[in-house]
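*Asks:* Compact mmCIF, C-alpha atoms and all ligand atoms, saved as start_13.txt, coming up:
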```txt
# COMPACT_ATOMS: atom_id res chain seq x y z
CA MET O 921 -34.54 14.02 67.89
CA ILE O 922 -31.65 12.77 65.75
CA GLU O 923 -28.14 13.29 67.07
CA ILE O 924 -25.30 12.74 64.64
CA ASP O 925 -22.10 12.55 66.62
CA GLU O 926 -18.73 12.85 64.86
CA ILE O 927 -19.70 10.40 62.16
CA THR O 928 -17.03 9.42 59.62
CA LYS O 929 -16.95 7.11 56.61
CA THR O 930 -13.67 6.23 54.98
CA TYR O 931 -13.38 4.34 51.68
CA ASP O 932 -9.76 3.28 51.24
CA ALA O 933 -8.03 6.66 51.24
CA VAL O 934 -11.17 8.78 50.69
CA LYS O 935 -12.98 10.34 53.64
CA ALA O 936 -16.47 10.43 52.11
CA VAL O 937 -17.87 11.87 55.36
CA ASP O 938 -15.46 13.50 57.75
CA THR O 939 -16.38 13.94 61.45
CA VAL O 940 -19.86 15.36 60.91
CA SER O 941 -21.96 16.32 63.94
CA MET O 942 -25.42 17.83 63.96
CA THR O 943 -28.72 17.62 65.78
CA VAL O 944 -32.05 17.42 63.98
CA GLU O 945 -35.12 18.39 66.00
CA THR O 946 -38.33 16.36 65.72
CA GLY O 947 -40.89 17.79 63.32
CA THR O 948 -38.41 19.82 61.23
CA ILE O 949 -36.97 19.57 57.74
CA THR O 950 -33.20 19.62 57.45
CA VAL O 951 -31.83 19.87 53.93
CA ILE O 952 -28.31 18.62 53.31
CA VAL O 953 -26.89 20.47 50.33
CA GLY O 954 -23.58 20.27 48.52
CA THR O 955 -22.00 19.58 45.16
CA SER O 956 -21.64 16.08 43.73
CA GLY O 957 -19.22 13.91 45.73
CA SER O 958 -19.44 16.02 48.90
CA GLY O 959 -20.68 13.04 50.95
CA LYS O 960 -24.42 13.77 51.18
CA THR O 961 -25.67 10.34 50.15
CA THR O 962 -23.14 8.56 52.33
CA LEU O 963 -24.18 10.65 55.34
CA LEU O 964 -27.86 9.89 54.75
CA ARG O 965 -27.28 6.18 54.22
CA MET O 966 -25.38 5.87 57.49
CA ILE O 967 -28.48 7.06 59.36
CA ASN O 968 -30.54 4.01 58.35
CA ARG O 969 -27.44 1.82 58.19
CA LEU O 970 -27.48 1.20 54.47
CA GLU O 971 -23.82 2.13 55.03
CA GLU O 972 -21.95 1.37 58.25
CA GLN O 973 -19.92 4.23 59.64
CA THR O 974 -16.17 3.92 60.12
CA SER O 975 -16.51 5.81 63.41
CA GLY O 976 -18.96 7.98 65.30
CA ASP O 977 -22.56 7.43 66.35
CA VAL O 978 -26.12 8.26 65.39
CA ARG O 979 -28.79 8.38 68.11
CA ILE O 980 -32.51 8.51 67.43
CA ASN O 981 -34.41 9.68 70.52
CA GLY O 982 -31.39 8.76 72.59
CA THR O 983 -30.90 5.23 71.23
CA SER O 984 -27.81 4.43 69.18
CA THR O 985 -28.72 3.03 65.76
CA LEU O 986 -25.99 0.44 66.29
CA SER O 987 -28.11 -1.15 69.04
CA VAL O 988 -31.06 -1.75 66.66
CA LYS O 989 -31.12 -4.48 63.98
CA PRO O 990 -30.82 -2.76 60.58
CA HIS O 991 -34.07 -4.20 59.17
CA ILE O 992 -36.02 -3.07 62.26
CA LEU O 993 -34.40 0.35 62.07
CA ARG O 994 -35.34 0.71 58.39
CA ARG O 995 -39.02 0.03 59.07
CA ARG O 996 -39.08 3.09 61.33
CA ILE O 997 -37.21 5.25 58.84
CA GLY O 998 -38.78 6.13 55.48
CA TYR O 999 -36.41 6.31 52.52
CA ALA O 1000 -37.16 7.94 49.19
CA ILE O 1001 -34.71 8.22 46.32
CA GLN O 1002 -34.51 9.93 42.96
CA GLY O 1003 -36.42 8.08 40.26
CA HIS O 1004 -38.98 7.01 42.86
CA GLY O 1005 -38.01 3.27 42.96
CA LEU O 1006 -41.61 2.07 42.58
CA PHE O 1007 -42.38 -1.59 41.93
CA PRO O 1008 -43.46 -1.58 38.27
CA HIS O 1009 -45.77 -4.61 38.55
CA HIS O 1010 -47.62 -3.37 41.62
CA THR O 1011 -50.48 -0.90 41.61
CA VAL O 1012 -50.17 2.52 43.18
CA ALA O 1013 -52.08 1.26 46.24
CA ARG O 1014 -49.76 -1.72 46.74
CA ASN O 1015 -46.72 0.44 46.25
CA ILE O 1016 -47.84 2.93 48.88
CA GLY O 1017 -48.99 0.17 51.22
CA ALA O 1018 -45.78 -1.86 50.99
CA VAL O 1019 -44.33 -0.97 54.40
CA PRO O 1020 -47.68 -0.99 56.31
CA GLU O 1021 -48.20 -4.48 54.81
CA LEU O 1022 -44.82 -5.57 56.19
CA LEU O 1023 -45.91 -4.18 59.56
CA ASN O 1024 -49.09 -6.31 59.39
CA TRP O 1025 -51.55 -3.43 59.39
CA SER O 1026 -55.14 -4.50 58.65
CA ARG O 1027 -56.41 -4.20 55.06
CA GLU O 1028 -58.84 -1.45 56.09
CA LYS O 1029 -56.15 0.57 57.83
CA ILE O 1030 -53.80 0.26 54.83
CA ARG O 1031 -56.56 1.24 52.42
CA ALA O 1032 -57.48 4.29 54.53
CA ARG O 1033 -53.83 5.34 54.71
CA VAL O 1034 -53.30 4.94 50.96
CA ASP O 1035 -56.37 7.05 50.19
CA GLU O 1036 -55.40 9.70 52.73
CA LEU O 1037 -51.95 10.05 51.17
CA LEU O 1038 -53.25 10.11 47.60
CA GLU O 1039 -55.61 12.90 48.61
CA LEU O 1040 -52.81 14.81 50.33
CA PHE O 1041 -50.84 14.61 47.07
CA SER O 1042 -53.86 15.80 45.06
CA MET O 1043 -54.35 12.45 43.31
CA GLU O 1044 -57.99 11.34 43.34
CA PRO O 1045 -57.88 7.88 45.02
CA ALA O 1046 -60.64 6.31 42.90
CA GLN O 1047 -58.77 7.38 39.79
CA PHE O 1048 -55.22 6.47 40.78
CA ARG O 1049 -55.35 3.64 43.35
CA ASP O 1050 -55.38 0.83 40.77
CA ARG O 1051 -53.03 2.29 38.20
CA TYR O 1052 -49.53 0.97 37.52
CA PRO O 1053 -46.47 3.24 37.71
CA ALA O 1054 -46.06 3.24 33.91
CA GLU O 1055 -49.55 4.78 33.65
CA LEU O 1056 -48.49 7.84 35.65
CA SER O 1057 -46.65 11.02 34.64
CA GLY O 1058 -43.15 11.60 36.04
CA GLY O 1059 -44.48 14.02 38.65
CA GLN O 1060 -47.18 11.57 39.73
CA GLN O 1061 -44.65 8.72 40.02
CA GLN O 1062 -42.47 10.87 42.22
CA ARG O 1063 -45.46 11.78 44.42
CA VAL O 1064 -46.31 8.11 44.84
CA GLY O 1065 -42.68 7.40 45.74
CA VAL O 1066 -42.80 10.03 48.48
CA ALA O 1067 -46.24 8.87 49.65
CA ARG O 1068 -44.88 5.35 49.96
CA ALA O 1069 -42.00 6.50 52.14
CA LEU O 1070 -44.46 8.37 54.39
CA ALA O 1071 -47.05 5.59 54.55
CA SER O 1072 -46.08 3.99 57.84
CA ARG O 1073 -45.72 7.37 59.58
CA PRO O 1074 -42.00 6.83 60.10
CA ASP O 1075 -40.13 8.53 62.95
CA LEU O 1076 -37.83 9.95 60.31
CA MET O 1077 -37.89 10.38 56.54
CA LEU O 1078 -34.66 10.27 54.58
CA MET O 1079 -34.94 11.63 51.05
CA ASP O 1080 -32.05 11.52 48.59
CA GLU O 1081 -32.61 14.00 45.73
CA PRO O 1082 -36.29 12.96 45.63
CA PHE O 1083 -37.15 15.63 43.08
CA GLY O 1084 -33.86 15.52 41.18
CA ALA O 1085 -35.40 13.95 38.07
CA LEU O 1086 -38.18 16.52 37.84
CA ASP O 1087 -38.29 19.59 35.67
CA PRO O 1088 -37.16 22.56 37.83
CA ILE O 1089 -40.58 24.16 37.58
CA ILE O 1090 -42.56 21.07 38.56
CA ARG O 1091 -40.06 20.69 41.36
CA THR O 1092 -41.29 23.90 42.97
CA ARG O 1093 -44.76 22.40 43.27
CA ALA O 1094 -43.40 19.11 44.56
CA GLN O 1095 -41.54 21.03 47.25
CA GLU O 1096 -44.67 22.94 48.25
CA ASP O 1097 -46.65 19.71 48.50
CA LEU O 1098 -43.96 18.10 50.61
CA ARG O 1099 -43.87 21.12 52.93
CA ARG O 1100 -47.64 21.12 53.36
CA ILE O 1101 -47.75 17.39 54.02
CA GLN O 1102 -44.82 17.53 56.43
CA GLN O 1103 -46.57 20.26 58.42
CA ARG O 1104 -49.80 18.31 58.44
CA LEU O 1105 -48.16 15.06 59.58
CA GLY O 1106 -45.47 16.65 61.77
CA SER O 1107 -42.81 14.44 60.14
CA THR O 1108 -39.08 14.81 60.67
CA ILE O 1109 -37.31 14.92 57.33
CA MET O 1110 -33.69 14.90 56.23
CA LEU O 1111 -33.47 15.64 52.53
CA VAL O 1112 -30.41 15.67 50.30
CA THR O 1113 -30.08 17.95 47.28
CA HIS O 1114 -27.38 19.61 45.20
CA ASP O 1115 -29.75 22.54 44.63
CA MET O 1116 -29.30 25.44 47.05
CA GLU O 1117 -32.60 26.93 45.94
CA GLU O 1118 -34.40 23.75 46.99
CA ALA O 1119 -32.54 23.81 50.30
CA ILE O 1120 -33.58 27.37 51.04
CA ARG O 1121 -37.21 26.90 50.01
CA LEU O 1122 -37.72 23.68 51.86
CA GLY O 1123 -35.45 23.60 54.87
CA ASP O 1124 -36.17 24.77 58.40
CA PHE O 1125 -32.44 24.14 58.63
CA VAL O 1126 -29.81 23.84 55.91
CA ALA O 1127 -26.64 21.78 56.31
CA VAL O 1128 -23.97 22.56 53.71
CA MET O 1129 -21.45 19.80 52.91
CA ASP O 1130 -18.15 20.32 51.11
CA GLY O 1131 -15.51 17.61 50.69
CA GLY O 1132 -17.08 15.36 53.33
CA LYS O 1133 -17.23 18.10 55.94
CA LEU O 1134 -20.20 19.99 57.30
CA VAL O 1135 -19.23 23.59 56.58
CA GLN O 1136 -22.38 25.35 57.80
CA HIS O 1137 -25.60 24.38 59.59
CA GLY O 1138 -28.24 27.02 60.18
CA THR O 1139 -31.57 28.47 59.10
CA PRO O 1140 -31.95 29.53 55.44
CA THR O 1141 -31.84 33.16 56.54
CA GLU O 1142 -28.54 32.65 58.38
CA ILE O 1143 -27.06 30.82 55.37
CA ILE O 1144 -28.03 33.64 53.00
CA ALA O 1145 -27.10 36.49 55.33
CA ARG O 1146 -23.88 35.05 56.70
CA PRO O 1147 -22.40 32.33 54.48
CA ALA O 1148 -19.62 30.68 56.50
CA THR O 1149 -17.27 30.08 53.56
CA GLU O 1150 -16.73 31.31 50.02
CA PHE O 1151 -18.11 27.99 48.78
CA VAL O 1152 -21.41 28.59 50.60
CA ALA O 1153 -21.54 32.15 49.29
CA ASP O 1154 -21.08 30.89 45.70
CA MET O 1155 -23.86 28.35 46.09
CA VAL O 1156 -26.23 30.97 47.48
CA GLY O 1157 -25.33 33.36 44.64
CA ASP O 1158 -26.64 30.96 41.98
CA VAL O 1159 -30.09 30.64 43.51
CA GLU O 1160 -33.07 31.49 41.36
CA ARG O 1161 -31.21 32.87 38.37
CA PRO O 1162 -33.01 30.85 35.67
CA LEU O 1163 -36.54 31.53 36.87
CA ARG O 1164 -36.07 34.92 38.41
CA LEU O 1165 -37.69 36.65 35.49
CA LEU O 1166 -40.96 34.72 35.60
CA SER O 1167 -41.08 35.34 39.33
CA LEU O 1168 -41.25 39.06 38.60
CA ILE O 1169 -44.24 39.05 36.22
CA PRO O 1170 -47.72 38.94 37.82
CA VAL O 1171 -50.38 36.61 36.46
CA SER O 1172 -52.59 39.68 35.88
CA ASP O 1173 -50.26 40.65 32.98
CA VAL O 1174 -51.29 37.66 30.85
CA VAL O 1175 -54.75 36.83 32.15
CA GLU O 1176 -57.25 36.09 29.36
CA SER O 1177 -60.93 35.17 29.20
CA GLY O 1178 -62.03 31.60 29.82
CA SER O 1179 -62.70 29.34 32.78
CA ALA O 1180 -60.05 26.69 33.37
CA GLU O 1181 -60.65 23.79 35.77
CA GLY O 1182 -59.15 23.16 39.17
CA ALA O 1183 -57.61 25.22 41.98
CA ALA O 1184 -57.32 28.93 41.17
CA LEU O 1185 -54.41 31.34 41.50
CA ASP O 1186 -54.71 34.93 42.66
CA ALA O 1187 -54.06 37.58 40.00
CA GLY O 1188 -51.14 38.80 42.11
CA ALA O 1189 -49.32 35.44 41.95
CA SER O 1190 -46.28 35.28 39.67
CA LEU O 1191 -46.03 33.58 36.29
CA ARG O 1192 -43.60 31.23 37.89
CA ASP O 1193 -46.30 30.12 40.34
CA ALA O 1194 -48.70 29.71 37.42
CA LEU O 1195 -46.21 27.65 35.42
CA SER O 1196 -45.59 25.40 38.42
CA ALA O 1197 -49.31 24.95 38.95
CA CYS O 1198 -49.85 23.95 35.31
CA LEU O 1199 -46.96 21.53 35.08
CA TRP O 1200 -47.30 19.89 38.47
CA THR O 1201 -51.03 19.21 38.12
CA GLY O 1202 -50.88 18.46 34.40
CA ARG O 1203 -53.18 21.35 33.38
CA THR O 1204 -52.75 23.58 30.31
CA ALA O 1205 -54.54 26.50 32.01
CA VAL O 1206 -55.29 27.67 35.54
CA PRO O 1207 -58.24 29.82 36.65
CA VAL O 1208 -57.38 33.25 38.02
CA THR O 1209 -59.25 35.06 40.77
CA ARG O 1210 -59.03 38.53 42.28
CA ASP O 1211 -60.37 38.96 45.81
CA GLY O 1212 -61.75 35.45 45.42
CA LYS O 1213 -63.81 36.31 42.30
CA PRO O 1214 -63.02 34.64 38.93
CA VAL O 1215 -61.39 36.99 36.43
CA GLY O 1216 -60.34 34.54 33.70
CA GLN O 1217 -57.48 32.13 33.17
CA VAL O 1218 -53.77 31.96 32.51
CA THR O 1219 -52.64 29.45 29.89
CA LEU O 1220 -49.41 27.51 29.58
CA ALA O 1221 -49.06 28.88 26.05
CA ALA O 1222 -49.21 32.48 27.30
CA ILE O 1223 -46.62 31.81 30.02
CA ARG O 1224 -44.28 30.12 27.53
CA ALA O 1225 -44.69 32.98 25.04
CA ARG O 1226 -43.78 35.45 27.76
CA ALA O 1227 -40.74 33.42 28.88
CA GLU O 1228 -39.48 33.07 25.30
CA ALA O 1229 -39.97 36.77 24.55
CA HIS O 1230 -37.40 37.52 27.25
CA ALA O 1231 -35.04 34.60 26.63
P1 LIG L 1 -22.81 12.91 47.11
O1 LIG L 1 -24.05 12.17 47.46
O2 LIG L 1 -22.67 14.20 47.84
O3 LIG L 1 -22.67 13.10 45.63
P2 LIG L 1 -21.41 10.53 47.98
O4 LIG L 1 -21.78 10.38 49.41
O5 LIG L 1 -22.13 9.67 47.00
O6 LIG L 1 -21.54 12.06 47.55
O7 LIG L 1 -19.87 10.27 47.80
C1 LIG L 1 -18.86 10.93 48.59
C2 LIG L 1 -17.48 10.41 48.21
O8 LIG L 1 -17.34 9.05 48.57
C3 LIG L 1 -17.18 10.48 46.72
O9 LIG L 1 -15.81 10.83 46.58
C4 LIG L 1 -17.42 9.08 46.25
O10 LIG L 1 -16.66 8.78 45.12
C5 LIG L 1 -17.01 8.26 47.47
N1 LIG L 1 -17.76 6.99 47.56
C6 LIG L 1 -19.09 6.89 47.76
N2 LIG L 1 -19.48 5.60 47.81
C7 LIG L 1 -18.34 4.87 47.65
C8 LIG L 1 -18.07 3.45 47.61
N3 LIG L 1 -19.03 2.55 47.77
N4 LIG L 1 -16.77 3.07 47.41
C9 LIG L 1 -15.80 4.00 47.27
N5 LIG L 1 -15.99 5.32 47.30
C10 LIG L 1 -17.23 5.77 47.48
MG MG L 2 -25.66 11.52 46.23
```
Represent the structure of the file as structure tokens.
Ligand code: ADP
Ligand code: MG

*Replies:*
Amino acid sequence: MIEIDEITKTYDAVKAVDTVSMTVETGTITVIVGTSGSGKTTLLRMINRLEEQTSGDVRINGTSTLSVKPHILRRRIGYAIQGHGLFPHHTVARNIGAVPELLNWSREKIRARVDELLELFSMEPAQFRDRYPAELSGGQQQRVGVARALASRPDLMLMDEPFGALDPIIRTRAQEDLRRIQQRLGSTIMLVTHDMEEAIRLGDFVAVMDGGKLVQHGTPTEIIARPATEFVADMVGDVERPLRLLSLIPVSDVVESGSAEGAALDAGASLRDALSACLWTGRTAVPVTRDGKPVGQVTLAAIRARAEAHA
């Protein structure tokens, strides 16, 4: 459990974070959302002491972070940032294994962990283990960045706009993968975003920041149903607008003959799901099934044509 207790960070005259308190339960995802400059990054970086607070306290399982040496603290806390921050001259395997290596895990244990994570992120280990970051797509680089932060099974994962550089549609898939992996590993995650849609999709709890203050902390349903301020209501109002249309069209509307490779989608899934599946896994078509039986495929070209027809 993470207890944030009246934490404040002041830069000269600016209160970047102003007396924020909240509790994060083990095994949950809390998404911190707010506009640029609202203090999200500063709040996150005080938790692993990349920034020192001006006042207040953070306790992890009852122990104040101030009583732990910062470099020891940071080994127990995963940290993933936008643009992945991979080492360009290290292979995927070395990148993911960087923290376990620091912790003196055996070669076999590191190797097993790297392969497990690559599989969880749908990247065939034999194919990707020895590649360099430049040989990966943007989505794959971001997945490796997240896998690296998870590699040592940290007590807590801090993620600062981890999917911010991704196309909004690929982002949906990245979020689903993260959710699935978090549930599988039981990780505790605090994730920062400026995107309310991401917060609502991903968070067990959503913490809304405005001008350094925590203005609302609750479940996505509470945030949508009872926004605490006009600012929260405005942020909720913008959710989904750009992709709403594709969400409304079923895959069955554009299904065509053919047998694409890879995981299938049900005919009742939306075109938005299909587009995410294509872009996130780098496929130009996805097989479609109805009641588990193949009925054809949906192609990226057909989805795009449909989106443009309504644009
Ligand atoms: P967010 O991540 O929500 O965009 P930040 O936490 O980065 O916001 O910044 C919050 C406020 O603190 C902003 O007004 C920003 O300009 C200020 N700030 C952040 N870091 C520093 C710093 N190192 N020195 C001075 N001001 C800073
Ligand atoms: Mg930030």

*Asks:* Got a sec to check which residues lie within 10 Å of ligand LIG 1 (chain L), using only C-alpha atoms and all ligand atoms, and send them as a tab-separated table (two decimals) with C-alpha atoms, in the coordinates of the input?

*Replies:*
```
chain	number	residue	atom	x	y	z
O	929	LYS	CA	-16.95	7.11	56.61
O	930	THR	CA	-13.67	6.23	54.98
O	931	TYR	CA	-13.38	4.34	51.68
O	932	ASP	CA	-9.76	3.28	51.24
O	933	ALA	CA	-8.03	6.66	51.24
O	934	VAL	CA	-11.17	8.78	50.69
O	935	LYS	CA	-12.98	10.34	53.64
O	936	ALA	CA	-16.47	10.43	52.11
O	937	VAL	CA	-17.87	11.87	55.36
O	952	ILE	CA	-28.31	18.62	53.31
O	953	VAL	CA	-26.89	20.47	50.33
O	954	GLY	CA	-23.58	20.27	48.52
O	955	THR	CA	-22.00	19.58	45.16
O	956	SER	CA	-21.64	16.08	43.73
O	957	GLY	CA	-19.22	13.91	45.73
O	958	SER	CA	-19.44	16.02	48.90
O	959	GLY	CA	-20.68	13.04	50.95
O	960	LYS	CA	-24.42	13.77	51.18
O	961	THR	CA	-25.67	10.34	50.15
O	962	THR	CA	-23.14	8.56	52.33
O	963	LEU	CA	-24.18	10.65	55.34
O	964	LEU	CA	-27.86	9.89	54.75
O	965	ARG	CA	-27.28	6.18	54.22
O	966	MET	CA	-25.38	5.87	57.49
O	971	GLU	CA	-23.82	2.13	55.03
O	1080	ASP	CA	-32.05	11.52	48.59
O	1081	GLU	CA	-32.61	14.00	45.73
O	1112	VAL	CA	-30.41	15.67	50.30
O	1113	THR	CA	-30.08	17.95	47.28
O	1114	HIS	CA	-27.38	19.61	45.20
O	1129	MET	CA	-21.45	19.80	52.91
O	1130	ASP	CA	-18.15	20.32	51.11
O	1131	GLY	CA	-15.51	17.61	50.69
O	1132	GLY	CA	-17.08	15.36	53.33
```

*Asks:* Between CA of Arg994 in chain O and CA of Thr1139 in chain O, what is the distance, to one decimal in Å?

*Replies:*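 Value for the CA of Arg994 in chain O-CA of Thr1139 in chain O distance: 28.0 Å.
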
*Asks:* Can you list, as a PyMOL selection string, every protein, DNA or RNA residue that comes within 9 Å of Ala1013 in chain O when you count only C-alpha atoms, leaving out same-chain residues fewer than 3 positions away?

*Replies:* chain O and resi 1010+1016-1018+1030-1031+1034-1035+1045+1048-1051

*Asks:* List the neighbours of range 978-993 of chain O out to 12 Å using only C-alpha atoms; skip same-chain residues closer than 4 positions along the sequence, and give me the result as a PDB file with C-alpha atoms, in the coordinates of the input.

*Replies:*
```pdb
ATOM      1  CA  MET O 921     -34.540  14.020  67.890  1.00  0.00           C
ATOM      2  CA  ILE O 922     -31.650  12.770  65.750  1.00  0.00           C
ATOM      3  CA  GLU O 923     -28.140  13.290  67.070  1.00  0.00           C
ATOM      4  CA  ILE O 924     -25.300  12.740  64.640  1.00  0.00           C
ATOM      5  CA  ASP O 925     -22.100  12.550  66.620  1.00  0.00           C
ATOM      6  CA  GLU O 926     -18.730  12.850  64.860  1.00  0.00           C
ATOM      7  CA  ILE O 927     -19.700  10.400  62.160  1.00  0.00           C
ATOM      8  CA  THR O 928     -17.030   9.420  59.620  1.00  0.00           C
ATOM      9  CA  THR O 939     -16.380  13.940  61.450  1.00  0.00           C
ATOM     10  CA  VAL O 940     -19.860  15.360  60.910  1.00  0.00           C
ATOM     11  CA  SER O 941     -21.960  16.320  63.940  1.00  0.00           C
ATOM     12  CA  MET O 942     -25.420  17.830  63.960  1.00  0.00           C
ATOM     13  CA  THR O 943     -28.720  17.620  65.780  1.00  0.00           C
ATOM     14  CA  VAL O 944     -32.050  17.420  63.980  1.00  0.00           C
ATOM     15  CA  GLU O 945     -35.120  18.390  66.000  1.00  0.00           C
ATOM     16  CA  THR O 946     -38.330  16.360  65.720  1.00  0.00           C
ATOM     17  CA  LEU O 963     -24.180  10.650  55.340  1.00  0.00           C
ATOM     18  CA  LEU O 964     -27.860   9.890  54.750  1.00  0.00           C
ATOM     19  CA  ARG O 965     -27.280   6.180  54.220  1.00  0.00           C
ATOM     20  CA  MET O 966     -25.380   5.870  57.490  1.00  0.00           C
ATOM     21  CA  ILE O 967     -28.480   7.060  59.360  1.00  0.00           C
ATOM     22  CA  ASN O 968     -30.540   4.010  58.350  1.00  0.00           C
ATOM     23  CA  ARG O 969     -27.440   1.820  58.190  1.00  0.00           C
ATOM     24  CA  LEU O 970     -27.480   1.200  54.470  1.00  0.00           C
ATOM     25  CA  GLU O 971     -23.820   2.130  55.030  1.00  0.00           C
ATOM     26  CA  GLU O 972     -21.950   1.370  58.250  1.00  0.00           C
ATOM     27  CA  GLN O 973     -19.920   4.230  59.640  1.00  0.00           C
ATOM     28  CA  ILE O 997     -37.210   5.250  58.840  1.00  0.00           C
ATOM     29  CA  GLY O 998     -38.780   6.130  55.480  1.00  0.00           C
ATOM     30  CA  TYR O 999     -36.410   6.310  52.520  1.00  0.00           C
ATOM     31  CA  VAL O1019     -44.330  -0.970  54.400  1.00  0.00           C
ATOM     32  CA  LEU O1022     -44.820  -5.570  56.190  1.00  0.00           C
ATOM     33  CA  LEU O1023     -45.910  -4.180  59.560  1.00  0.00           C
ATOM     34  CA  PRO O1074     -42.000   6.830  60.100  1.00  0.00           C
ATOM     35  CA  ASP O1075     -40.130   8.530  62.950  1.00  0.00           C
ATOM     36  CA  LEU O1076     -37.830   9.950  60.310  1.00  0.00           C
ATOM     37  CA  MET O1077     -37.890  10.380  56.540  1.00  0.00           C
ATOM     38  CA  THR O1108     -39.080  14.810  60.670  1.00  0.00           C
TER      39      THR O1108
END
```

*Asks:* What lies within 12 Å of Asp1115 in chain O using all atoms listed in the file, ignoring chain neighbours under 2 positions off, as an MDAnalysis selection string?

*Replies:* chainID O and resid 951:956 1080:1084 1088 1091:1092 1111:1113 1117:1123 1126 1128 1152 1155:1160

*Asks:* Figure out the distance between CA of Asp1124 in chain O and CA of Glu1096 in chain O, please, to one decimal in Å.

*Replies:*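 CA of Asp1124 in chain O lies 13.4 Å from CA of Glu1096 in chain O.
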
*Asks:* Pick the closest to Arg1100 in chain O from O:Leu1040, O:Val1012, O:Leu1086, O:Ala1032: which is it, counting all atoms listed in the file?

*Replies:*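 Ranking O:Leu1040, O:Val1012, O:Leu1086, O:Ala1032 by distance to Arg1100 in chain O, first place goes to O:Leu1040.
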
*Asks:* Taking into account only C-alpha atoms, which residue in the set O:Leu1220, O:Val1174, O:Ile1101, O:Leu1006 is nearest to Gln1060 in chain O?

*Replies:*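 Of O:Leu1220, O:Val1174, O:Ile1101, O:Leu1006, the one nearest Gln1060 in chain O is O:Leu1006, counting only C-alpha atoms.
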
*Asks:* For Pro1170 in chain O, work out the shell of residues within 10 Å, counting all atoms listed in the file and skipping chain neighbours fewer than 6 positions away, then give it as a ChimeraX atom specification.

*Replies:* /O:1186-1194

*Asks:* So what do you get for CA of Gln1062 in chain O versus CA of Ala1127 in chain O, distance-wise?

*Replies:*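 So the answer is 23.8 Å.
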
*Asks:* Could you give me, as a PyMOL selection string, the residues within 9 Å of Trp1200 in chain O, counting only C-alpha atoms and dropping anything in the same chain fewer than 2 positions from it?

*Replies:* chain O and resi 1059-1060+1089-1094+1195-1198+1202-1203

*Asks:* Quick one: of O:Ala1071, O:Val1215, O:Ile1001, O:Ala1183, who's nearest to ligand MG 2 (chain L), counting only C-alpha atoms and all ligand atoms?

*Replies:*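 Selected residue with least distance to ligand MG 2 (chain L): O:Ile1001.
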
*Asks:* Could you give me the centre and size, in Å to one decimal, of an axis-aligned box around all listed atoms of range 924-941 of chain O with 6 Å added on every side, as lines of an AutoDock Vina configuration file?

*Replies:*
```
center_x = -16.7
center_y = 9.8
center_z = 58.7
size_x = 29.3
size_y = 25.0
size_z = 27.9
```

*Asks:* Compare O:Gln1002, O:Arg1033, O:Val1135, O:Ile1223 by their minimum atom-to-atom distance to ligand MG 2 (chain L), counting all atoms listed in the file, and give me the closest one.

*Replies:* O:Gln1002

*Asks:* In terms of the shortest atom-to-atom distance over all atoms listed in the file, which of O:Met1079, O:Glu1021, O:Arg1068, O:Arg1104 is closest to ligand MG 2 (chain L)?

*Replies:* O:Met1079
